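*Asks:* Structure in structure tokens, see below.
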Amino acid sequence: MAIFAFVFGAVFGSFLNVCIYRLPRSLSIVKPGSYCPNCSKPIEWFDNIPFFGYLILRGRCRRCHKKINPRYVLVELLTASLFLALYLHFGFSASFFVFGLFILGLILVTFIDWEHYLIPDLVVYPGIVLGLLFNFLFPQMAFSASRLFALKEAAIGVLVGGGSLYLIALIGQLVLKKEAMGGGDIKLLAMIGAFLGWKSVLVSIFFGSLIGAVISILLIFIGLKKRTDYIPFGPYLSLGAVIALFYKGSVFLGYYQI
Ligand SMILES: [Zn+2]
């Protein structure tokens with residue numbers, strides 16, 4: 001079953017790769033099938049199998065021999081590993097599928113923000129609505145037996161997530177006289193709140209800021225980024241949310257599981 005969860009994640013990771021490339025370019029995510037971004041030739045189904053396709057092709061396009069972005073394998077591996085972790089934490093429960101969907105959204109946001117400095121509304125707005133709805137339908141997500149309690153925690157999460165970053169952005173603007181935080185980050189935190197509740201929003205901000213600061217300083221130190229470069233915050237907030245999710249899952253493991 002653990003292997004199944006991993007493969008299940010890899011397949012979704014493969015689909016995420018399509019979305020990560022096409023969403024910011026306003027291309028359809030359904031048609032046409034996968035193609036090489038360099039030579040535009042369609043990719044055979046057997047070259048498109050997660051991990052193995054990349055290995056068989058030794059990281060190059062079969063037609064034009066252009067190097068395939070290693071991001072494709074990274075996304076597949078990351079999604080597969082997180083789905084495996086979800087299975088080990090929650091088993092094949094409603095929480096597995098709901099948090100699986102949440103993690104897909106986070107990975108999508110992470111890689112699009114990393115490359116394009118934008119967090120698509122197309123992900124976060126439906127994410128906020130779905131997070132609230134799922135908490136009401138499956139209150140075990142909030143480790144509670146009460147639908148109203150779970151919904152309340154999620155609704156406060158949306159307000160705290162949206163509100164706290166808005167406050168930081170406002171202070172940043174007043175003190176630094178420049179935009180410290182994008183509107184996308186605020187919406188992303190609202191989505192995190194909708195899925196995980198308000199306490200986990202604070203955990204996400206804490207770990208996201210901490211890890212973000214450390215990595216940014218490292219990137220500047222080794223010369224990959226300049227002090228003046230824009231550093232997207234979405235990937236770090238997403239990482240913070242994953243930590244918050246599994247932290248919550250560990251503390252409350254065994255309570256109200258189905
Ligand atoms: Zn090609």
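Letters for chains follow the order of the structure tokens (A, B, ...), residue numbers begin at 1 for each chain, and ligand numbers begin at 1 in the order shown.
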Give me, as a list of chain:residue names, all polymer residues having an atom no more than 10 Å from Gly183 in chain A, counting only C-alpha atoms and skipping those fewer than 6 positions away in the same chain.
*Replies:* A:Leu118, A:Ile119, A:Gly162, A:Leu165, A:Tyr166, A:Ala169
*Asks:* Please return as a PyMOL selection string: the residues of range 89-228 of chain A that backbone DSSP assigns to helix (DSSP H, G or I).
*Replies:* chain A and resi 89-90+94-116+121-137+139-142+147-176+183-196+198-221
*Asks:* Report as an MDAnalysis selection string which protein, DNA and RNA residues come within 9 Å of ligand 1, using only C-alpha atoms and all ligand atoms.
*Replies:* chainID A and resid 35:43 60:68
*Asks:* Would you list the contacts of Leu133 in chain A as a PyMOL selection string, taking every protein, DNA or RNA residue within 10 Å and counting only C-alpha atoms, but skipping same-chain residues closer than 2 positions in sequence?
*Replies:* chain A and resi 127-131+135-139+150-151+154+194-195
*Asks:* Using only C-alpha atoms for the distances, tell me which of A:Ile56, A:Ala2, A:Leu104, A:Leu86 is nearest to Ile20 in chain A.
*Replies:*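 Nearest to Ile20 in chain A: A:Leu104.
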*Asks:* Have a look at CA of Arg71 in chain A and CA of Phe12 in chain A and let me know their distance in Å, one decimal.
*Replies:*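 Going from CA of Arg71 in chain A over to CA of Phe12 in chain A covers 14.5 Å.
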*Asks:* For the atom pair CA of Leu210 in chain A and CA of Ser250 in chain A, what is the interatomic distance in Å to one decimal place?
*Replies:*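 Value for the CA of Leu210 in chain A-CA of Ser250 in chain A distance: 21.2 Å.
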*Asks:* Pick the closest to Gly163 in chain A from A:Ile186, A:Leu27, A:Ala142, A:Ala241: which is it, counting only C-alpha atoms?
*Replies:*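 Among the listed residues, the smallest separation from Gly163 in chain A belongs to A:Ile186.
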